[in-house]
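Pasting entry.tsv here (TSV, C-alpha atoms):
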chain	number	residue	atom	x	y	z
A	20	MET	CA	122.93	108.46	126.97
A	21	ALA	CA	121.45	105.90	124.66
A	22	THR	CA	120.97	106.74	121.03
A	23	THR	CA	117.66	106.04	119.39
A	24	PHE	CA	115.62	107.20	116.42
A	25	THR	CA	118.59	106.25	114.26
A	26	LEU	CA	118.44	106.80	110.51
A	27	ILE	CA	118.81	103.44	108.79
A	28	LYS	CA	118.40	104.60	105.21
A	29	THR	CA	117.00	107.51	103.24
A	30	TYR	CA	116.13	107.73	99.57
A	31	THR	CA	115.59	110.88	97.54
A	32	LEU	CA	114.60	110.01	94.02
A	33	THR	CA	116.52	111.52	91.12
A	34	SER	CA	114.17	109.99	88.57
A	35	SER	CA	110.84	108.16	88.52
A	36	GLN	CA	110.66	104.65	89.90
A	37	SER	CA	107.88	102.22	90.66
A	38	SER	CA	108.83	101.32	94.22
A	39	ILE	CA	111.08	102.20	97.13
A	40	ASP	CA	112.69	99.20	98.74
A	41	PHE	CA	114.36	99.07	102.14
A	42	THR	CA	116.30	95.83	102.32
A	43	SER	CA	118.59	94.14	104.84
A	44	ILE	CA	116.94	95.96	107.76
A	45	PRO	CA	118.88	94.97	110.87
A	46	ALA	CA	116.96	93.31	113.70
A	47	THR	CA	118.79	95.38	116.30
A	48	TYR	CA	116.08	97.94	116.99
A	49	THR	CA	112.80	97.71	118.87
A	50	ASP	CA	110.52	99.59	116.48
A	51	LEU	CA	110.71	101.10	113.00
A	52	CYS	CA	109.44	104.49	111.84
A	53	LEU	CA	109.06	105.25	108.15
A	54	LYS	CA	108.63	108.86	107.02
A	55	LEU	CA	107.49	109.40	103.45
A	56	SER	CA	107.19	112.48	101.23
A	57	LEU	CA	105.92	111.16	97.92
A	58	ARG	CA	104.34	112.20	94.65
A	59	THR	CA	103.33	109.90	91.80
A	60	ASP	CA	102.55	110.31	88.11
A	61	ARG	CA	99.02	108.99	88.58
A	62	THR	CA	96.38	111.20	86.89
A	63	SER	CA	94.61	112.07	90.11
A	64	ILE	CA	95.16	114.36	93.08
A	65	ASN	CA	96.27	111.45	95.25
A	66	SER	CA	97.66	107.95	95.31
A	67	ASP	CA	97.08	105.30	97.96
A	68	LEU	CA	100.30	103.80	99.25
A	69	ILE	CA	100.83	100.12	99.91
A	70	LEU	CA	103.47	98.32	101.94
A	71	GLN	CA	104.83	94.83	101.50
A	72	TYR	CA	106.97	93.15	104.12
A	73	ASN	CA	109.75	90.69	103.33
A	74	GLY	CA	108.52	90.55	99.73
A	75	ASP	CA	105.38	88.75	100.92
A	76	THR	CA	102.56	89.10	98.39
A	77	THR	CA	100.30	86.46	99.92
A	78	SER	CA	96.97	87.31	101.53
A	79	ALA	CA	98.54	88.40	104.78
A	80	TYR	CA	97.45	92.02	105.19
A	81	SER	CA	94.40	93.84	106.53
A	82	PHE	CA	93.52	97.38	107.62
A	83	ARG	CA	90.87	99.76	108.90
A	84	ARG	CA	91.08	103.49	108.43
A	85	ILE	CA	89.28	106.76	108.84
A	86	TYR	CA	89.68	109.47	106.25
A	87	GLY	CA	88.49	112.90	105.30
A	88	ASP	CA	88.61	114.82	102.05
A	89	GLY	CA	87.81	118.32	103.26
A	90	ALA	CA	84.07	117.83	102.86
A	91	SER	CA	83.18	114.61	104.65
A	92	ALA	CA	84.67	111.83	106.76
A	93	GLY	CA	84.41	108.09	106.33
A	94	SER	CA	85.80	104.77	107.40
A	95	ASP	CA	86.61	101.67	105.38
A	96	ASN	CA	88.43	98.40	105.78
A	97	LEU	CA	89.76	95.28	104.23
A	98	GLY	CA	89.18	92.64	106.85
A	99	ALA	CA	91.67	90.06	105.65
A	100	GLY	CA	93.25	88.69	102.59
A	101	ALA	CA	94.95	91.60	100.88
A	102	SER	CA	98.28	91.02	99.21
A	103	ASN	CA	99.61	94.32	100.52
A	104	GLY	CA	98.94	96.80	103.30
A	105	LEU	CA	97.21	100.02	102.34
A	106	SER	CA	99.08	102.66	104.31
A	107	GLY	CA	98.97	106.39	103.66
A	108	PHE	CA	98.88	108.85	100.78
A	109	ALA	CA	101.09	110.31	98.11
A	110	ASP	CA	100.16	113.25	95.94
A	111	GLY	CA	99.18	112.42	92.39
A	112	ALA	CA	100.00	114.32	89.21
A	113	SER	CA	96.80	116.40	89.43
A	114	ALA	CA	97.67	117.83	92.85
A	115	THR	CA	99.15	121.32	93.12
A	116	ALA	CA	102.58	121.38	91.46
A	117	SER	CA	105.58	120.68	93.68
A	118	THR	CA	103.46	119.39	96.56
A	119	PHE	CA	104.06	115.98	98.06
A	120	GLY	CA	101.88	113.78	100.22
A	121	ASN	CA	103.30	112.97	103.64
A	122	THR	CA	102.92	109.79	105.62
A	123	GLU	CA	104.37	108.48	108.88
A	124	ILE	CA	104.29	104.75	109.56
A	125	TYR	CA	105.16	103.26	112.96
A	126	ILE	CA	105.93	99.54	113.19
A	127	PRO	CA	106.39	98.28	116.77
A	128	ASN	CA	108.24	95.05	117.53
A	129	TYR	CA	109.13	94.48	113.88
A	130	ALA	CA	111.78	91.92	114.74
A	131	GLY	CA	109.54	89.80	116.95
A	132	SER	CA	108.04	86.42	116.14
A	133	THR	CA	104.40	87.47	116.38
A	134	GLN	CA	102.00	89.06	113.90
A	135	LYS	CA	102.86	92.71	113.17
A	136	SER	CA	100.41	95.53	113.88
A	137	TRP	CA	101.32	98.93	112.54
A	138	SER	CA	100.02	102.49	112.62
A	139	THR	CA	99.88	105.10	109.85
A	140	ASP	CA	99.05	108.81	109.63
A	141	GLY	CA	98.92	110.15	106.08
A	142	VAL	CA	97.95	113.29	104.18
A	143	ASN	CA	97.62	114.36	100.58
A	144	GLU	CA	98.59	118.01	99.98
A	145	ASN	CA	96.63	120.05	97.48
A	146	ASN	CA	95.79	123.74	97.19
A	147	ALA	CA	92.30	123.07	95.88
A	148	GLY	CA	88.90	121.93	97.07
A	149	THR	CA	89.79	118.34	97.86
A	150	ALA	CA	92.69	116.84	99.76
A	151	TYR	CA	92.75	113.64	101.76
A	152	SER	CA	93.98	112.71	105.20
A	153	GLY	CA	93.73	109.38	106.94
A	154	LEU	CA	94.56	107.31	110.00
A	155	TYR	CA	95.20	103.60	109.53
A	156	ALA	CA	95.31	100.50	111.73
A	157	SER	CA	97.00	97.67	109.86
A	158	LEU	CA	98.03	94.08	110.44
A	159	TYR	CA	100.53	91.78	108.74
A	160	THR	CA	100.01	88.19	109.81
A	161	GLY	CA	103.53	87.08	108.97
A	162	THR	CA	105.47	86.08	112.06
A	163	ALA	CA	109.04	86.32	110.76
A	164	ALA	CA	111.13	89.35	111.63
A	165	ILE	CA	110.69	92.15	109.10
A	166	ASN	CA	113.92	92.66	107.18
A	167	ARG	CA	112.49	94.31	104.08
A	168	VAL	CA	109.88	97.01	103.55
A	169	THR	CA	108.70	97.88	100.05
A	170	VAL	CA	106.61	100.99	99.33
A	171	LYS	CA	104.48	101.15	96.18
A	172	ASP	CA	101.51	102.99	94.72
A	173	TYR	CA	98.32	100.94	94.92
A	174	ASN	CA	97.65	101.74	91.25
A	175	SER	CA	101.16	100.77	90.16
A	176	THR	CA	102.17	104.22	88.97
A	177	ASN	CA	105.63	105.69	89.54
A	178	PHE	CA	107.04	107.84	92.32
A	179	VAL	CA	108.48	110.97	90.73
A	180	GLN	CA	111.72	112.91	91.21
A	181	TYR	CA	112.29	114.50	94.64
A	182	SER	CA	110.09	111.97	96.38
A	183	SER	CA	111.81	110.88	99.56
A	184	ALA	CA	111.57	108.07	102.08
A	185	SER	CA	113.49	107.65	105.33
A	186	LEU	CA	113.53	104.63	107.62
A	187	TYR	CA	114.47	105.05	111.30
A	188	GLY	CA	115.25	102.48	113.94
A	189	ILE	CA	113.97	103.10	117.47
A	190	LEU	CA	115.68	101.45	120.40
A	191	LYS	CA	114.01	100.96	123.76
A	192	ALA	CA	115.72	101.52	127.07
B	30	MET	CA	125.42	124.69	118.32
B	31	ALA	CA	126.12	121.09	119.06
B	32	ALA	CA	123.16	118.82	118.57
B	33	GLY	CA	121.87	117.32	121.78
B	34	ALA	CA	120.49	113.84	122.05
B	35	THR	CA	116.75	113.63	122.26
B	36	TYR	CA	114.05	111.03	121.88
B	37	THR	CA	115.89	109.28	124.65
B	38	PRO	CA	114.75	105.83	125.77
B	39	ILE	CA	113.81	106.17	129.45
B	40	SER	CA	112.28	102.86	130.41
B	41	SER	CA	111.05	99.62	128.97
B	42	TYR	CA	108.62	97.17	130.54
B	43	THR	CA	107.39	93.79	129.38
B	44	ALA	CA	104.62	92.22	131.44
B	45	PRO	CA	105.89	88.88	132.79
B	46	SER	CA	102.36	87.86	133.68
B	47	SER	CA	98.82	89.22	133.73
B	48	GLN	CA	98.80	92.79	135.15
B	49	THR	CA	95.94	94.83	136.62
B	50	SER	CA	97.86	98.05	135.96
B	51	ILE	CA	101.26	99.33	134.86
B	52	THR	CA	102.82	102.33	136.61
B	53	LEU	CA	105.28	104.65	134.88
B	54	ASN	CA	107.46	107.08	136.81
B	55	SER	CA	111.07	108.25	137.04
B	56	PHE	CA	110.92	110.35	133.90
B	57	THR	CA	112.26	113.70	135.03
B	58	GLY	CA	114.40	116.02	132.94
B	59	TYR	CA	112.57	116.10	129.63
B	60	THR	CA	110.15	118.44	127.87
B	61	ASP	CA	107.70	115.91	126.46
B	62	LEU	CA	107.15	112.19	126.75
B	63	GLU	CA	106.22	109.64	124.13
B	64	ILE	CA	104.92	106.31	125.38
B	65	VAL	CA	104.51	103.34	123.04
B	66	LEU	CA	102.28	100.48	124.19
B	67	SER	CA	101.84	97.15	122.49
B	68	CYS	CA	98.95	95.59	124.41
B	69	ASN	CA	98.06	91.92	124.51
B	70	ALA	CA	94.87	90.32	125.78
B	71	ALA	CA	94.02	86.81	126.85
B	72	SER	CA	90.50	85.66	126.05
B	73	THR	CA	88.59	88.76	127.20
B	74	ALA	CA	88.83	92.08	125.40
B	75	TYR	CA	89.50	95.31	127.28
B	76	HIS	CA	90.02	99.04	126.87
B	77	VAL	CA	92.88	101.12	128.24
B	78	PHE	CA	92.60	104.13	130.55
B	79	PHE	CA	95.14	106.13	132.56
B	80	GLN	CA	95.50	108.34	135.60
B	81	CYS	CA	98.18	110.93	136.32
B	82	ASN	CA	99.82	111.32	139.75
B	83	GLY	CA	97.30	108.92	141.26
B	84	ASP	CA	94.53	111.47	140.73
B	85	THR	CA	91.14	109.71	140.90
B	86	GLY	CA	89.10	112.92	140.85
B	87	THR	CA	86.80	113.94	138.04
B	88	THR	CA	89.61	115.87	136.37
B	89	TYR	CA	89.85	114.15	132.99
B	90	SER	CA	88.10	114.88	129.70
B	91	TYR	CA	88.66	113.56	126.22
B	92	THR	CA	87.55	113.86	122.60
B	93	ILE	CA	87.77	110.87	120.30
B	94	LEU	CA	87.91	110.82	116.49
B	95	GLY	CA	87.88	107.34	115.01
B	96	GLY	CA	86.30	104.70	112.86
B	97	ASP	CA	85.46	101.01	112.86
B	98	GLY	CA	86.05	100.32	109.19
B	99	THR	CA	82.50	101.22	108.21
B	100	THR	CA	81.61	104.47	109.93
B	101	ALA	CA	83.70	107.40	111.11
B	102	GLY	CA	82.63	109.04	114.33
B	103	SER	CA	83.52	111.27	117.21
B	104	THR	CA	82.55	111.24	120.85
B	105	ARG	CA	83.50	113.16	123.95
B	106	ALA	CA	83.31	112.87	127.73
B	107	SER	CA	84.17	115.33	130.48
B	108	SER	CA	84.59	115.18	134.26
B	109	GLN	CA	85.84	111.62	134.08
B	110	THR	CA	87.90	109.83	136.73
B	111	SER	CA	90.49	108.70	134.20
B	112	GLY	CA	91.77	109.51	130.76
B	113	ARG	CA	90.99	107.19	127.87
B	114	LEU	CA	93.35	105.64	125.31
B	115	THR	CA	91.11	103.24	123.37
B	116	TYR	CA	87.51	103.40	122.23
B	117	TYR	CA	87.32	101.99	118.71
B	118	ALA	CA	90.52	99.95	118.96
B	119	ALA	CA	89.92	97.49	121.79
B	120	VAL	CA	92.64	95.13	122.98
B	121	ARG	CA	91.87	91.54	121.99
B	122	SER	CA	93.67	88.24	121.76
B	123	GLY	CA	95.49	87.30	118.58
B	124	SER	CA	97.50	90.38	117.71
B	125	PRO	CA	98.59	93.45	119.68
B	126	THR	CA	96.77	96.77	119.84
B	127	ILE	CA	99.17	99.67	119.38
B	128	ILE	CA	98.85	102.84	121.46
B	129	ARG	CA	101.15	105.83	121.14
B	130	MET	CA	100.77	108.56	123.79
B	131	LYS	CA	102.33	112.00	123.48
B	132	VAL	CA	102.41	113.77	126.83
B	133	MET	CA	103.01	117.43	126.10
B	134	ASN	CA	105.01	119.71	128.41
B	135	TYR	CA	104.39	117.26	131.22
B	136	ALA	CA	106.76	118.78	133.78
B	137	ASN	CA	105.44	122.33	133.89
B	138	SER	CA	103.53	123.34	137.00
B	139	THR	CA	101.52	126.24	135.59
B	140	THR	CA	99.17	124.66	133.06
B	141	TYR	CA	96.84	121.70	132.79
B	142	LYS	CA	98.21	118.82	130.72
B	143	THR	CA	97.19	117.59	127.29
B	144	ILE	CA	97.86	114.04	126.15
B	145	LEU	CA	97.49	113.15	122.47
B	146	SER	CA	97.20	109.52	121.50
B	147	ARG	CA	96.75	107.25	118.51
B	148	SER	CA	95.38	103.74	118.94
B	149	ASP	CA	95.16	101.08	116.28
B	150	ARG	CA	93.88	97.57	115.85
B	151	ALA	CA	93.25	96.34	112.31
B	152	SER	CA	90.34	94.09	113.31
B	153	ASP	CA	88.56	96.80	115.31
B	154	GLY	CA	89.38	100.33	114.30
B	155	THR	CA	91.66	103.32	114.39
B	156	GLU	CA	91.45	106.55	116.36
B	157	ALA	CA	93.03	109.73	117.59
B	158	ILE	CA	92.19	110.91	121.12
B	159	VAL	CA	92.88	114.19	122.87
B	160	ASN	CA	92.89	113.93	126.67
B	161	LEU	CA	92.99	116.80	129.14
B	162	TRP	CA	94.01	116.30	132.76
B	163	ARG	CA	93.13	119.16	135.09
B	164	GLY	CA	95.28	118.04	137.98
B	165	ALA	CA	95.31	119.72	141.35
B	166	SER	CA	97.35	122.93	141.29
B	167	THR	CA	98.38	122.22	137.69
B	168	ALA	CA	101.03	119.89	139.09
B	169	ALA	CA	103.79	118.39	136.97
B	170	ILE	CA	103.14	114.81	135.94
B	171	THR	CA	105.36	112.54	138.00
B	172	SER	CA	103.59	109.24	137.42
B	173	ILE	CA	101.17	107.69	134.99
B	174	VAL	CA	99.18	104.57	135.80
B	175	LEU	CA	97.92	102.61	132.81
B	176	GLN	CA	94.72	100.74	133.61
B	177	PRO	CA	92.91	98.10	131.58
B	178	SER	CA	89.13	98.00	131.99
B	179	GLY	CA	87.35	94.70	131.46
B	180	ALA	CA	90.37	92.42	131.73
B	181	ASN	CA	94.09	92.58	132.52
B	182	PHE	CA	97.13	93.45	130.47
B	183	ASP	CA	98.24	90.03	129.31
B	184	THR	CA	101.73	88.55	129.37
B	185	GLY	CA	104.03	90.16	126.83
B	186	THR	CA	102.36	93.56	126.86
B	187	THR	CA	105.16	96.11	126.36
B	188	VAL	CA	105.43	99.75	127.41
B	189	ASN	CA	108.39	101.81	126.17
B	190	VAL	CA	108.87	105.39	127.39
B	191	PHE	CA	110.90	108.01	125.53
B	192	GLY	CA	111.88	111.51	126.60
B	193	ILE	CA	111.99	114.46	124.23
B	194	THR	CA	114.07	117.48	125.15
B	195	ALA	CA	113.53	121.04	123.97
B	196	ALA	CA	116.44	123.03	122.53
Translate the structure described by the file into structure tokens.
Amino acid sequence: MATTFTLIKTYTLTSSQSSIDFTSIPATYTDLCLKLSLRTDRTSINSDLILQYNGDTTSAYSFRRIYGDGASAGSDNLGAGASNGLSGFADGASATASTFGNTEIYIPNYAGSTQKSWSTDGVNENNAGTAYSGLYASLYTGTAAINRVTVKDYNSTNFVQYSSASLYGILKA
Amino acid sequence: MAAGATYTPISSYTAPSSQTSITLNSFTGYTDLEIVLSCNAASTAYHVFFQCNGDTGTTYSYTILGGDGTTAGSTRASSQTSGRLTYYAAVRSGSPTIIRMKVMNYANSTTYKTILSRSDRASDGTEAIVNLWRGASTAAITSIVLQPSGANFDTGTTVNVFGITAA
């Protein structure tokens, strides 16, 4: 029986840091799945997460998403030209203590030579009136195989202790 | 208890040429299925539908929650002749549209079947869709036909099927 959904690397932070960096990702899988449980020190209930592939900070990213905050729903986009890919939520410092935002990111055909579409489901956890959830469609126009994924807060704050991030490799039949 | 393998790769298909449909079968022995599509289009855009066990009756219904980057919305249809996998996120040329189907408890023969899906295309939109198939006699799903509407699956479209096993 073939093995798939293989853990490539997991990080659990022991102190604050500004990014989580998965490097030297092998090209031996079909798809990647990134599971995030993150909290930042941003003075807000939530943080928007961004991804960068292969250290690429050029205008190579775009997205569309739908989101809700517990009161209303909306949709927004960045059609082209972003230097990173908005992708999911972390909790911020104003969210309920000891809660972490959770995000799952699925990256098909990451090792191929075409542009990379990816899919994100993310939530912000908060025991109060407002908490965010969102679904994202994203595109990275780089055509090289992805061998590095960097996760950051859009507002450049830090991920705090006990935040965790796990990267899995998925192998087709 | 020894851990059993799950999320098992069952089949993988890459379209060698333009395809009017893609049929999935031979997936017995699991509890749930997850199907990952990366759909390509030539010049004409299309949407993706599906039928279970070759059922062309009006036995499908679905509810869509999605957005186009400006407005969030929801729509629903019942008594349809196929299930639906894309509404906001069409398949177009240039970059693939991603679809992930989760076929819940597909092999039981006592209940109707629910299929959850997520579809994404950054230039069009993002969505979550719940499909219900009310097949004859609540039959187990033994085949799924993926059907593009408006154009064909283009060369390089991939469909990977995974099986998930209960404890």
CA of Ala112 in chain A and CA of Asp60 in chain A are how many Å apart?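 A separation of 4.9 Å between them.
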Quick one: distance from CA of Ser66 in chain A to CA of Asn146 in chain A in Å, one decimal?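 These atoms are spaced 16.0 Å apart.
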Considering all atoms listed in the file, tabulate each residue of chain A that lies at most 9 Å from chain B along with its nearest interatomic pair and the corresponding distance in Å to one decimal; arrange the rows by chain and ascending residue number and present them as a tab-separated table.
residue	atom	partner	partner_atom	distance
A:Met20	CA	B:Thr37	CA	7.5
A:Ala21	CA	B:Thr37	CA	6.5
A:Thr22	CA	B:Thr37	CA	6.7
A:Thr23	CA	B:Thr37	CA	6.4
A:Phe24	CA	B:Tyr36	CA	6.9
A:Ser81	CA	B:Ala151	CA	6.4
A:Phe82	CA	B:Ala151	CA	4.8
A:Arg83	CA	B:Gly98	CA	4.9
A:Arg84	CA	B:Thr155	CA	6.0
A:Ile85	CA	B:Gly96	CA	5.4
A:Tyr86	CA	B:Ala101	CA	8.0
A:Ala92	CA	B:Ala101	CA	6.3
A:Gly93	CA	B:Ala101	CA	4.9
A:Ser94	CA	B:Gly98	CA	4.8
A:Asp95	CA	B:Gly98	CA	4.1
A:Asn96	CA	B:Gly98	CA	4.6
A:Leu97	CA	B:Gly98	CA	8.0
A:Gly98	CA	B:Ser152	CA	6.7
A:Ala99	CA	B:Ser152	CA	8.8
A:Pro127	CA	B:Ser67	CA	7.4
A:Asn128	CA	B:Ser67	CA	8.4
A:Thr133	CA	B:Ser124	CA	7.6
A:Gln134	CA	B:Ser124	CA	6.0
A:Lys135	CA	B:Ser124	CA	7.4
A:Ser136	CA	B:Pro125	CA	6.4
A:Trp137	CA	B:Ile127	CA	7.2
A:Ser138	CA	B:Asp149	CA	6.2
A:Thr139	CA	B:Asp149	CA	8.9
A:Leu154	CA	B:Thr155	CA	6.6
A:Tyr155	CA	B:Thr155	CA	6.0
A:Ala156	CA	B:Asp149	CA	4.6
A:Ser157	CA	B:Ala151	CA	4.7
A:Leu158	CA	B:Ala151	CA	5.6
A:Thr160	CA	B:Ser124	CA	8.6
A:Ile189	CA	B:Pro38	CA	8.8
A:Leu190	CA	B:Pro38	CA	7.0
A:Lys191	CA	B:Pro38	CA	5.3
A:Ala192	CA	B:Pro38	CA	4.6
Kindly indicate which residue among B:Ile170, B:Ile51, B:Val159, B:Ala44 lies nearest to Lys131 in chain B, using only C-alpha atoms for the distances.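 Residue with the minimum atom-to-atom distance to Lys131 in chain B: B:Val159.
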Residue nearest Ile44 in chain A - candidates A:Ile165, A:Ile124, A:Ala101, A:Ala116, atoms counted: only C-alpha atoms: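 Comparing A:Ile165, A:Ile124, A:Ala101, A:Ala116 against Ile44 in chain A, the winner is A:Ile165.
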Can you list, as JSON, numbers by chain, every protein, DNA or RNA residue that comes within 9 Å of Thr49 in chain B when you count only C-alpha atoms, leaving out same-chain residues fewer than 5 positions away? {"B": [175, 176, 177, 178, 180, 181, 182]}
For Ile39 in chain A, which residue out of A:Gln71, A:Glu144, A:Gly111, A:Leu26 is the nearest one, using all atoms listed in the file?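 Among the listed residues, A:Gln71 lies closest to Ile39 in chain A.
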Restricting the calculation to all atoms listed in the file, which member of A:Ser43, A:Thr49, A:Ser56, A:Asn174 is positioned closest to Thr122 in chain A?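 Of A:Ser43, A:Thr49, A:Ser56, A:Asn174, the one nearest Thr122 in chain A is A:Ser56, counting all atoms listed in the file.
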Exercise: range 179-185 of chain A partners within 9 Å, only C-alpha atoms, chain neighbours under 3 positions left out, as a list in words: Leu26, Ile27, Lys28, Thr29, Tyr30, Thr31, Leu32, Thr33, Ser34, Ser35, Gln36, Ser37, Ile39, Cys52, Leu53, Lys54, Leu55, Ser56, Leu57, Arg58, Thr59, Asp60 and Phe119 of chain A
Please measure the separation of CA of Ser175 in chain A and CA of Ala150 in chain A, giving the value in Å to one decimal.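 Between these atoms lies a distance of 20.5 Å.
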Excluding Asn137 in chain B and residues on its chain fewer than 3 positions from it, collect all residues at most 12 Å away from it, counting all atoms listed in the file, and give them as a list in words.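 Neighbouring residues, sequence-local ones excluded: Thr57, Gly58, Tyr59, Thr60, Asp61, Val132, Met133, Asn134, Thr140, Tyr141, Lys142, Thr143, Gly164, Ser166, Thr167, Ala168, Ala169, Ile170 and Thr171 of chain B.
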Of the listed residues B:Ala106, B:Ala165, B:Ile93, B:Tyr117, that which approaches Leu145 in chain B most closely, counting only C-alpha atoms: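 With only C-alpha atoms as the atom set, the closest residue is B:Ile93.
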Tell me which of A:Gly153, A:Gly100, A:Gly161, A:Gly107 sits closest to Asn73 in chain A, counting only C-alpha atoms. A:Gly161
Could you list, as a list in words, every residue within 9 Å of Tyr89 in chain B, counting only C-alpha atoms and ignoring same-chain residues fewer than 2 positions away? Gln80, Gly86, Thr87, Tyr91, Ala106, Ser107, Ser108, Gln109, Thr110, Ser111, Gly112, Arg113, Asn160, Leu161, Trp162, Arg163 and Gly164 of chain B
Can you pull out the residues contacting Ala130 in chain A? Cut-off 10 Å, using all atoms listed in the file, and skip same-chain residues under 5 positions away; I want them as a ChimeraX atom specification. /A:44-51,135,162-166
